[in-house]
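What's in structure_21.cif: mmCIF, C-alpha atoms
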data_data
loop_
_atom_site.label_atom_id
_atom_site.label_comp_id
_atom_site.auth_asym_id
_atom_site.auth_seq_id
_atom_site.Cartn_x
_atom_site.Cartn_y
_atom_site.Cartn_z
CA ALA A 1 37.37 50.85 -36.45
CA LEU A 2 35.40 53.91 -37.58
CA LEU A 3 34.15 52.26 -40.73
CA ARG A 4 33.81 48.92 -42.51
CA ALA A 5 35.13 47.88 -45.89
CA LEU A 6 33.70 49.90 -48.76
CA GLY A 7 34.95 49.16 -52.09
CA PHE A 8 34.66 50.38 -55.53
CA ALA A 9 38.41 50.42 -55.87
CA ALA A 10 40.40 53.61 -55.85
CA LEU A 11 43.34 55.16 -57.55
CA LEU A 12 46.86 54.34 -56.62
CA LEU A 13 48.59 57.56 -55.71
CA PRO A 14 51.32 58.76 -58.09
CA VAL A 15 54.87 57.85 -57.16
CA VAL A 16 56.37 60.45 -54.81
CA PRO A 17 59.64 60.61 -52.86
CA ARG A 18 59.53 58.21 -49.95
CA GLY A 19 62.90 58.68 -48.25
CA PRO A 20 65.08 55.73 -47.30
CA PRO A 21 63.62 52.22 -47.83
CA GLY A 22 61.47 51.19 -44.90
CA ALA A 23 61.27 54.73 -43.51
CA ALA A 24 57.47 54.79 -43.49
CA GLU A 25 57.31 51.45 -41.70
CA ARG A 26 59.71 52.62 -39.00
CA ARG A 27 58.01 55.97 -38.56
CA CYS A 28 55.14 56.16 -36.08
CA PHE A 29 52.03 56.92 -38.14
CA CYS A 30 50.77 60.43 -37.51
CA GLN A 31 47.55 60.30 -35.55
CA VAL A 32 44.76 62.53 -36.83
CA THR A 33 43.74 64.65 -33.88
CA GLY A 34 42.09 67.88 -32.91
CA HIS A 35 39.54 70.27 -34.35
CA LEU A 36 37.80 69.75 -37.72
CA ASP A 37 37.44 72.71 -40.10
CA ASP A 38 33.91 74.12 -40.55
CA CYS A 39 32.76 72.16 -37.46
CA THR A 40 32.61 72.59 -33.70
CA CYS A 41 33.72 68.99 -33.22
CA ASP A 42 37.06 67.24 -32.77
CA VAL A 43 38.45 63.86 -33.80
CA GLU A 44 38.77 62.47 -30.27
CA THR A 45 35.09 63.04 -29.44
CA ILE A 46 33.99 61.23 -32.61
CA ASP A 47 36.35 58.30 -32.01
CA ALA A 48 35.11 57.71 -28.48
CA PHE A 49 31.42 58.04 -29.41
CA ASN A 50 31.61 55.84 -32.49
CA ASN A 51 33.95 53.09 -31.36
CA TYR A 52 32.48 52.44 -27.93
CA LYS A 53 28.82 53.46 -28.23
CA LEU A 54 27.40 53.54 -31.72
CA PHE A 55 29.29 51.21 -34.06
CA PRO A 56 28.76 47.92 -32.18
CA ARG A 57 24.98 48.47 -32.16
CA LEU A 58 24.89 49.59 -35.78
CA ASN A 59 26.95 46.63 -36.93
CA GLU A 60 24.44 44.22 -35.41
CA LEU A 61 21.54 46.02 -37.12
CA LEU A 62 23.23 45.81 -40.53
CA GLU A 63 23.43 42.03 -40.25
CA SER A 64 19.64 41.75 -40.01
CA ASP A 65 17.54 40.69 -43.01
CA TYR A 66 16.04 44.11 -43.63
CA PHE A 67 19.41 45.78 -44.09
CA ARG A 68 21.46 43.03 -45.73
CA TYR A 69 19.41 42.77 -48.94
CA TYR A 70 19.83 45.60 -51.44
CA LYS A 71 18.22 45.68 -54.87
CA VAL A 72 20.51 47.01 -57.58
CA ASN A 73 20.83 47.13 -61.36
CA LEU A 74 24.46 46.46 -62.23
CA LYS A 75 23.79 46.27 -65.97
CA LYS A 76 22.93 49.92 -66.65
CA PRO A 77 25.16 51.36 -69.38
CA CYS A 78 27.53 54.22 -68.63
CA PRO A 79 25.74 57.46 -69.62
CA PHE A 80 28.90 59.51 -70.13
CA TRP A 81 31.26 57.57 -72.37
CA ASN A 82 31.11 54.55 -74.66
CA ASP A 83 33.15 52.07 -72.72
CA ASN A 84 31.56 48.71 -72.05
CA SER A 85 34.73 47.07 -70.75
CA HIS A 86 34.33 45.25 -67.45
CA CYS A 87 36.81 44.02 -64.91
CA GLY A 88 37.73 40.43 -65.71
CA ILE A 89 39.16 39.71 -62.26
CA ARG A 90 37.08 37.10 -60.45
CA ASP A 91 36.96 39.15 -57.25
CA CYS A 92 35.08 41.86 -59.18
CA ALA A 93 32.05 39.61 -59.60
CA VAL A 94 28.81 39.96 -57.64
CA LYS A 95 26.64 36.96 -56.84
CA PRO A 96 22.94 37.96 -56.78
CA CYS A 97 20.46 36.22 -54.49
CA PRO A 98 18.22 33.43 -55.72
CA SER A 99 14.68 34.75 -55.39
CA ASP A 100 13.77 32.20 -52.69
CA ASP A 101 16.58 33.42 -50.42
CA VAL A 102 15.05 36.89 -50.05
CA PRO A 103 12.45 37.16 -47.25
CA ASP A 104 8.89 37.26 -48.56
CA GLY A 105 8.12 40.60 -46.96
CA ILE A 106 11.00 42.30 -48.74
CA ARG A 107 10.44 40.59 -52.09
CA SER A 108 6.71 41.34 -52.21
CA GLY A 109 7.07 45.06 -51.68
CA SER A 110 10.64 46.18 -51.47
CA TYR A 111 9.91 49.85 -50.90
CA LYS A 112 6.84 49.73 -48.65
CA TYR A 113 6.80 49.80 -44.88
CA SER A 114 3.55 48.53 -43.43
CA GLU A 115 2.39 44.91 -43.38
CA GLU A 116 -0.87 46.00 -44.96
CA ALA A 117 0.92 47.54 -47.93
CA ASN A 118 3.22 44.57 -48.34
CA ASN A 119 0.35 42.10 -48.42
CA LEU A 120 -1.32 43.71 -51.43
CA ALA A 121 -1.81 41.32 -54.33
CA GLU A 122 0.94 41.42 -56.94
CA GLU A 123 -1.51 42.26 -59.71
CA CYS A 124 -2.13 45.61 -58.03
CA GLU A 125 1.53 46.62 -58.27
CA GLU A 126 1.37 47.87 -61.86
CA ALA A 127 -1.82 49.78 -61.16
CA LYS A 128 -0.27 51.44 -58.14
CA ARG A 129 2.71 52.53 -60.18
CA LEU A 130 0.36 54.29 -62.57
CA GLY A 131 -1.30 56.09 -59.68
CA ALA A 132 -4.44 53.95 -59.41
CA VAL A 133 -5.71 52.90 -55.99
CA ASP A 134 -7.22 49.55 -54.97
CA GLY A 135 -10.72 50.32 -53.72
CA SER A 136 -10.56 47.56 -51.11
CA LEU A 137 -7.88 49.38 -49.10
CA SER A 138 -8.56 51.60 -46.14
CA LYS A 139 -8.66 55.34 -46.79
CA GLU A 140 -5.38 55.86 -44.92
CA THR A 141 -3.61 53.17 -46.95
CA GLN A 142 -5.01 54.59 -50.20
CA GLN A 143 -3.45 57.93 -49.34
CA ALA A 144 -0.18 56.28 -48.46
CA VAL A 145 -0.10 54.34 -51.75
CA LEU A 146 -0.64 57.54 -53.74
CA GLN A 147 2.07 59.21 -51.70
CA TRP A 148 4.54 56.40 -52.36
CA THR A 149 3.81 56.66 -56.09
CA GLN A 150 4.46 60.40 -56.05
CA HIS A 151 7.72 59.98 -54.19
CA ASP A 152 8.99 57.31 -56.56
CA ASP A 153 9.65 60.11 -59.04
CA SER A 154 10.17 62.96 -56.61
CA SER A 155 12.45 65.86 -57.48
CA ASP A 156 14.02 66.09 -54.03
CA SER A 157 16.36 63.17 -54.61
CA PHE A 158 20.12 63.69 -54.67
CA CYS A 159 20.72 60.40 -56.51
CA GLU A 160 19.88 58.74 -59.79
CA ALA A 161 18.11 55.76 -58.28
CA ASP A 162 17.82 52.40 -59.98
CA ASP A 163 14.45 51.30 -61.29
CA ILE A 164 13.79 48.43 -58.91
CA TYR A 165 11.11 47.09 -61.31
CA SER A 166 13.61 46.65 -64.12
CA PRO A 167 14.19 43.01 -65.18
CA ASP A 168 17.91 43.71 -64.70
CA ALA A 169 17.51 44.76 -61.04
CA GLU A 170 18.45 41.95 -58.65
CA TYR A 171 18.70 41.49 -54.91
CA VAL A 172 22.22 41.23 -53.52
CA ASP A 173 23.10 39.94 -50.07
CA LEU A 174 25.63 42.51 -48.87
CA LEU A 175 27.03 40.12 -46.26
CA LEU A 176 27.87 37.55 -48.95
CA ASN A 177 29.36 40.18 -51.27
CA PRO A 178 31.61 42.16 -48.92
CA GLU A 179 33.46 45.03 -50.47
CA ARG A 180 37.17 44.66 -50.39
CA TYR A 181 40.20 44.98 -52.63
CA THR A 182 39.35 43.46 -56.02
CA GLY A 183 42.39 44.38 -58.11
CA TYR A 184 40.43 47.05 -60.03
CA LYS A 185 42.82 49.99 -60.47
CA GLY A 186 44.82 51.93 -63.00
CA PRO A 187 43.46 54.07 -65.90
CA ASP A 188 39.86 52.84 -65.63
CA ALA A 189 39.59 53.67 -61.93
CA TRP A 190 41.48 56.93 -62.46
CA LYS A 191 38.96 57.96 -65.12
CA ILE A 192 36.09 57.57 -62.64
CA TRP A 193 37.69 59.67 -59.91
CA ASN A 194 38.99 62.26 -62.35
CA SER A 195 35.48 62.75 -63.73
CA ILE A 196 34.10 63.14 -60.22
CA TYR A 197 36.67 65.69 -59.05
CA GLU A 198 37.21 67.66 -62.24
CA GLU A 199 33.64 67.95 -63.46
CA ASN A 200 31.44 67.66 -60.38
CA CYS A 201 33.13 69.41 -57.45
CA PHE A 202 32.58 73.03 -58.58
CA LYS A 203 36.33 73.23 -59.27
CA PRO A 204 37.60 75.37 -62.17
CA GLN A 205 39.86 73.61 -64.66
CA ASN A 206 42.83 75.90 -63.99
CA VAL A 207 42.97 74.88 -60.29
CA LYS A 208 44.82 71.58 -60.13
CA ARG A 209 44.22 69.01 -57.41
CA PRO A 210 47.15 68.22 -55.11
CA LEU A 211 49.16 65.23 -56.38
CA ALA A 212 47.05 65.06 -59.54
CA SER A 213 48.71 62.66 -61.96
CA GLY A 214 50.99 64.15 -64.63
CA ARG A 215 50.73 67.78 -63.49
CA GLY A 216 53.02 70.19 -61.78
CA ASP A 217 52.28 70.38 -58.08
CA ASP A 218 52.89 73.40 -55.84
CA GLY A 219 52.17 71.48 -52.65
CA GLY A 220 48.46 72.18 -53.00
CA ARG A 221 48.86 75.90 -52.24
CA THR A 222 46.80 77.06 -55.24
CA PHE A 223 44.14 74.44 -54.63
CA TYR A 224 43.69 75.15 -50.93
CA LYS A 225 43.71 78.89 -51.53
CA TRP A 226 40.83 78.34 -53.95
CA LEU A 227 39.03 75.99 -51.55
CA LYS A 228 39.31 78.45 -48.66
CA GLY A 229 37.84 81.19 -50.84
CA VAL A 230 34.67 79.40 -51.95
CA CYS A 231 31.41 79.36 -50.00
CA VAL A 232 30.92 76.83 -47.20
CA GLU A 233 28.52 74.74 -49.31
CA LYS A 234 31.00 74.18 -52.16
CA ARG A 235 33.79 73.52 -49.67
CA ALA A 236 31.60 70.98 -47.91
CA PHE A 237 30.80 69.28 -51.22
CA TYR A 238 34.48 68.74 -51.99
CA LYS A 239 35.17 67.48 -48.46
CA LEU A 240 32.31 64.97 -48.67
CA ILE A 241 33.65 63.51 -51.92
CA SER A 242 37.20 63.48 -50.54
CA GLY A 243 35.92 61.77 -47.38
CA LEU A 244 34.14 59.15 -49.48
CA HIS A 245 37.35 58.58 -51.46
CA ALA A 246 39.34 58.25 -48.22
CA SER A 247 36.81 55.76 -46.86
CA ILE A 248 37.16 53.59 -49.96
CA ASN A 249 40.96 53.72 -49.84
CA ILE A 250 41.02 52.78 -46.15
CA HIS A 251 38.82 49.77 -46.67
CA LEU A 252 40.51 48.34 -49.71
CA SER A 253 43.69 48.56 -47.60
CA ALA A 254 41.98 46.96 -44.58
CA ARG A 255 40.58 44.00 -46.56
CA TYR A 256 43.39 43.37 -49.01
CA LEU A 257 44.10 40.10 -50.81
CA LEU A 258 47.27 39.02 -48.98
CA GLN A 259 47.47 35.45 -50.26
CA ASP A 260 45.90 33.76 -53.28
CA THR A 261 46.78 30.12 -53.76
CA TRP A 262 44.92 27.06 -55.01
CA SER A 263 44.24 26.04 -51.41
CA GLU A 264 43.09 29.31 -49.85
CA LYS A 265 42.62 33.05 -50.09
CA LYS A 266 43.68 35.24 -47.23
CA TRP A 267 42.32 38.76 -46.74
CA GLY A 268 43.59 41.26 -44.20
CA PRO A 269 45.17 44.66 -43.50
CA ASN A 270 47.88 45.82 -45.91
CA VAL A 271 49.76 48.46 -43.92
CA THR A 272 52.02 49.44 -46.83
CA GLU A 273 48.98 50.12 -49.03
CA PHE A 274 47.47 52.25 -46.27
CA GLN A 275 50.68 54.23 -45.79
CA GLN A 276 50.96 54.89 -49.52
CA ARG A 277 47.63 56.70 -49.38
CA PHE A 278 47.74 58.40 -45.97
CA ASP A 279 51.28 58.72 -44.61
CA GLU A 280 51.99 62.43 -44.18
CA VAL A 281 55.46 62.32 -45.76
CA ILE A 282 54.63 60.01 -48.67
CA THR A 283 51.54 62.07 -49.59
CA ARG A 284 53.25 65.45 -49.01
CA GLY A 285 50.80 66.34 -46.27
CA GLU A 286 47.67 65.25 -48.14
CA GLY A 287 47.01 62.08 -46.09
CA PRO A 288 45.93 63.77 -42.84
CA ARG A 289 43.66 66.15 -44.80
CA ARG A 290 41.97 63.21 -46.45
CA LEU A 291 41.40 61.51 -43.11
CA LYS A 292 39.90 64.67 -41.62
CA ASN A 293 37.50 64.81 -44.57
CA LEU A 294 36.46 61.27 -43.64
CA TYR A 295 35.49 62.54 -40.19
CA PHE A 296 33.56 65.39 -41.84
CA LEU A 297 31.61 62.83 -43.91
CA TYR A 298 30.86 60.90 -40.71
CA LEU A 299 29.50 64.04 -39.01
CA ILE A 300 27.21 64.85 -41.94
CA GLU A 301 25.68 61.36 -41.99
CA LEU A 302 25.42 61.25 -38.18
CA ARG A 303 23.56 64.58 -38.25
CA ALA A 304 21.13 63.21 -40.83
CA LEU A 305 20.35 60.21 -38.59
CA SER A 306 19.61 62.51 -35.68
CA LYS A 307 17.27 64.62 -37.84
CA VAL A 308 15.28 61.76 -39.34
CA LEU A 309 14.27 60.20 -35.99
CA PRO A 310 10.62 61.49 -36.18
CA PHE A 311 10.10 59.65 -39.48
CA PHE A 312 11.03 56.29 -37.94
CA GLU A 313 9.23 56.94 -34.63
CA ARG A 314 5.82 57.16 -36.28
CA PRO A 315 3.60 54.23 -35.19
CA GLY A 316 2.92 53.08 -38.76
CA PHE A 317 6.55 52.50 -39.61
CA GLN A 318 8.09 49.05 -39.40
CA LEU A 319 11.10 47.26 -40.85
CA TYR A 320 8.92 44.76 -42.66
CA THR A 321 10.39 41.39 -43.67
CA GLY A 322 7.45 39.17 -42.73
CA ASN A 323 8.91 37.94 -39.43
CA LYS A 324 6.85 39.87 -36.88
CA SER A 325 8.90 39.29 -33.75
CA HIS A 326 12.22 39.88 -35.48
CA ASP A 327 10.89 42.98 -37.25
CA ALA A 328 9.71 44.46 -33.94
CA GLU A 329 13.06 43.73 -32.32
CA MET A 330 15.00 45.38 -35.17
CA ARG A 331 12.71 48.42 -35.12
CA ASN A 332 13.45 48.91 -31.42
CA GLN A 333 17.16 48.55 -32.10
CA LEU A 334 16.94 51.06 -34.95
CA LEU A 335 15.23 53.62 -32.71
CA GLU A 336 17.85 53.05 -30.02
CA ILE A 337 20.58 53.85 -32.55
CA LEU A 338 18.78 56.97 -33.75
CA HIS A 339 18.29 58.24 -30.19
CA LEU A 340 21.97 57.59 -29.58
CA ALA A 341 22.84 59.57 -32.70
CA LYS A 342 20.70 62.44 -31.46
CA SER A 343 22.55 62.44 -28.12
CA PHE A 344 25.91 63.21 -29.76
CA PRO A 345 27.13 66.42 -28.08
CA LEU A 346 28.88 68.19 -30.98
CA HIS A 347 26.71 67.82 -34.08
CA PHE A 348 27.51 69.55 -37.36
CA ASP A 349 25.43 72.72 -37.72
CA GLU A 350 23.83 72.47 -41.14
CA ASN A 351 22.08 75.81 -40.63
CA SER A 352 25.14 77.45 -42.15
CA PHE A 353 24.18 75.85 -45.48
CA PHE A 354 22.24 77.99 -47.96
CA ALA A 355 21.62 80.69 -45.39
CA GLY A 356 22.15 83.77 -47.58
CA ASN A 357 19.93 85.50 -50.11
CA LYS A 358 16.93 83.22 -50.66
CA LYS A 359 17.04 83.33 -54.44
CA GLU A 360 20.78 82.68 -54.60
CA ALA A 361 20.54 80.03 -51.89
CA ALA A 362 17.83 78.14 -53.82
CA LYS A 363 19.94 78.26 -56.98
CA LEU A 364 23.02 76.99 -55.15
CA LYS A 365 21.06 74.22 -53.46
CA GLU A 366 19.79 73.02 -56.84
CA GLU A 367 23.35 73.09 -58.25
CA PHE A 368 24.50 71.12 -55.22
CA ARG A 369 21.78 68.51 -55.79
CA LEU A 370 22.45 68.19 -59.53
CA HIS A 371 26.23 67.87 -59.05
CA PHE A 372 25.72 65.04 -56.57
CA LYS A 373 23.11 63.39 -58.78
CA ASN A 374 25.66 63.44 -61.59
CA ILE A 375 28.17 61.65 -59.38
CA SER A 376 25.60 58.94 -58.66
CA LYS A 377 25.24 58.42 -62.43
CA ILE A 378 29.02 58.01 -62.78
CA MET A 379 28.75 54.89 -60.61
CA ASP A 380 27.25 53.11 -63.65
CA CYS A 381 30.60 53.64 -65.40
CA VAL A 382 32.62 51.67 -62.83
CA GLY A 383 33.97 48.57 -64.59
CA CYS A 384 34.21 46.36 -61.50
CA PHE A 385 30.75 45.07 -60.55
CA LYS A 386 31.51 44.67 -56.85
CA CYS A 387 32.99 48.17 -56.81
CA ARG A 388 29.93 49.41 -58.68
CA LEU A 389 27.61 47.79 -56.13
CA TRP A 390 29.29 49.44 -53.15
CA GLY A 391 29.79 52.70 -55.00
CA LYS A 392 26.11 52.94 -55.87
CA LEU A 393 25.05 52.03 -52.33
CA GLN A 394 27.47 54.53 -50.75
CA THR A 395 26.49 57.42 -52.98
CA GLN A 396 22.77 56.70 -52.50
CA GLY A 397 23.34 56.61 -48.75
CA LEU A 398 25.12 59.97 -48.74
CA GLY A 399 22.52 61.40 -51.12
CA THR A 400 19.78 60.26 -48.72
CA ALA A 401 21.60 61.95 -45.83
CA LEU A 402 21.71 65.22 -47.80
CA LYS A 403 18.03 64.86 -48.69
CA ILE A 404 17.22 64.53 -44.97
CA LEU A 405 19.29 67.56 -43.97
CA PHE A 406 17.58 69.71 -46.61
CA SER A 407 14.10 68.49 -45.59
CA GLU A 408 14.16 69.46 -41.92
CA ASN A 409 11.02 71.62 -42.12
CA LEU A 410 9.09 68.84 -43.89
CA ILE A 411 10.16 66.29 -41.28
CA GLU A 412 9.06 68.57 -38.44
CA LYS A 413 5.60 68.96 -40.01
CA MET A 414 4.93 65.22 -40.37
CA PRO A 415 1.75 64.07 -38.60
CA GLU A 416 2.17 61.44 -35.90
CA SER A 417 0.01 59.01 -37.86
CA GLY A 418 -1.28 58.68 -41.39
CA PRO A 419 0.60 59.48 -44.59
CA SER A 420 3.37 62.05 -44.70
CA TYR A 421 3.03 63.95 -47.96
CA GLY A 422 5.99 66.25 -47.54
CA PHE A 423 8.75 63.78 -46.73
CA GLN A 424 9.25 60.12 -47.56
CA LEU A 425 12.03 57.55 -47.77
CA THR A 426 11.91 54.39 -49.86
CA ARG A 427 13.25 51.11 -48.52
CA GLN A 428 16.17 51.46 -50.95
CA GLU A 429 17.09 54.81 -49.41
CA ILE A 430 16.78 53.45 -45.87
CA VAL A 431 19.01 50.45 -46.56
CA ALA A 432 21.56 52.62 -48.39
CA LEU A 433 21.59 55.29 -45.65
CA PHE A 434 22.40 52.93 -42.80
CA ASN A 435 24.83 50.76 -44.76
CA ALA A 436 26.70 53.82 -46.04
CA PHE A 437 26.97 55.13 -42.48
CA GLY A 438 28.15 51.68 -41.42
CA ARG A 439 30.98 51.92 -43.94
#
Encoded form using structure tokens:
Amino acid sequence: ALLRALGFAALLLPVVPRGPPGAAERRCFCQVTGHLDDCTCDVETIDAFNNYKLFPRLNELLESDYFRYYKVNLKKPCPFWNDNSHCGIRDCAVKPCPSDDVPDGIRSGSYKYSEEANNLAEECEEAKRLGAVDGSLSKETQQAVLQWTQHDDSSDSFCEADDIYSPDAEYVDLLLNPERYTGYKGPDAWKIWNSIYEENCFKPQNVKRPLASGRGDDGGRTFYKWLKGVCVEKRAFYKLISGLHASINIHLSARYLLQDTWSEKKWGPNVTEFQQRFDEVITRGEGPRRLKNLYFLYLIELRALSKVLPFFERPGFQLYTGNKSHDAEMRNQLLEILHLAKSFPLHFDENSFFAGNKKEAAKLKEEFRLHFKNISKIMDCVGCFKCRLWGKLQTQGLGTALKILFSENLIEKMPESGPSYGFQLTRQEIVALFNAFGR
């Protein structure tokens, strides 16, 4: 499959005419094929590349210690409305890791890369955060420490990142907390998505989304006329959010609770749920558009992986967990995946982004960044904790991909060794980037 389960739960589509009972089940599901808008690529090329070359390798990498532990604060209050209600369904719960279960290398310095940095005494951590430097370190490491401190609060981020030093931030084993259907749906989930689409996708209020609940629908003609008329950047923004939404809907359908008895729980594909969201007739033509936006999201994140290769190739970088042989093996596997990503023949051309008047382009880029950052804040309003976990990770991963694409010049200027002042990724961003792409 293109993606794995991702799951802060999504909206159920409004009821629409379905034809005779069982018609969708009898109808052959329309394959999504052909050319993708705003790209030089096609669906078939992506399918073949992902399914047979890239995904099996990536899946193995994501099961390693470095990528399975993600630090997250699930107790942050919603910044947009006063609603502290939480999903009471047991499948919404997240089980954090006992401290001893997290590898020492990750726990001692969750956002550093080198063994030298990770072995610094804990009492130096607070000083480092305030910008002080331990005089016993080498000059190169001192520079790197200062650089890490600067980048902790950098303005180039597309996401509202959690404070990993907060007492409420805990490590979560992603493999033990898989995202899947939790039962979280209805008005609370609708409120999340409505806020994202209506307030953060550059869309004017008088242009209604296709199939939007409780509104007259003209088959999406007004909406798609508006979308076609906006600049490529704003169109891409909407397609990325739609692709993320499609990804979530696919995976809650793929890992659905099929049986819940006292003796066992059974999870698996719910075809009817999938058809409700993507069948061309049931969704009045919206389903195939949503799936194509999923492919667009894939291309954007794949392009980011191809662009960030120089950062990971630098000799000083390692996937540090404290297990030297395993860390070296995973680093080699990571580089293999990145080289494979770079070899993809039909990459998205991000040079079309922000290519106009420099002043206007800079303004639009900042709007783009702030809109996405706002969406990352909305994740703290999701009432289901498991959905919140995967929502935060997915948005941080996509935000990291955008940060990479908009930092190409800085990445090209990085020295082969020593600190890189222009561009940096934290461990949180690295883990989120690859897990989001894995979804």
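The residues returned by the PyMOL selection byres ((chain A and resi 240) around 8) on the shown structure are Ala236, Phe237, Tyr238, Lys239, Ile241, Ser242, Gly243, Leu244, Asn293, Leu294, Phe296 and Leu297 of chain A.
The spacing separating atom CA of Leu334 of chain A from atom CA of Leu61 of chain A amounts to 7.2 Å.
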Fewer than 6 positions away in the same chain doesn't count, so skip those; otherwise give me all residues within 12 Å of Ser343 of chain A, counting only C-alpha atoms, as number ranges by chain. A: 49, 53-54, 302-303, 305-307, 309, 336-337
Padding 8 Å on every side, please: axis-aligned box over the listed atoms of segment 300-316 of chain A, centre and edge lengths to one decimal in Å, as AutoDock Vina command-line options.
--center_x 15.1 --center_y 59.0 --center_z -38.3 --size_x 40.3 --size_y 27.8 --size_z 23.4
For the structure provided, state which residues fall under the PyMOL selection byres ((chain A and resi 202) around 12), and present them as a ChimeraX atom specification. /A:195-201,203-207,226-227,230-231,233-239,241,364,367-368,370-372
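Compared by their closest atoms to Val72 of chain A, and using all atoms listed in the file, the residues A:Glu44, A:Glu60, A:Asp380, A:Glu350 rank with A:Asp380 nearest.
Straight-line separation from atom CA of Leu402 of chain A to atom CA of Asn194 of chain A: 22.8 Å.
In this structure, atom CA of Asn73 of chain A sits 22.4 Å away from atom CA of His245 of chain A.
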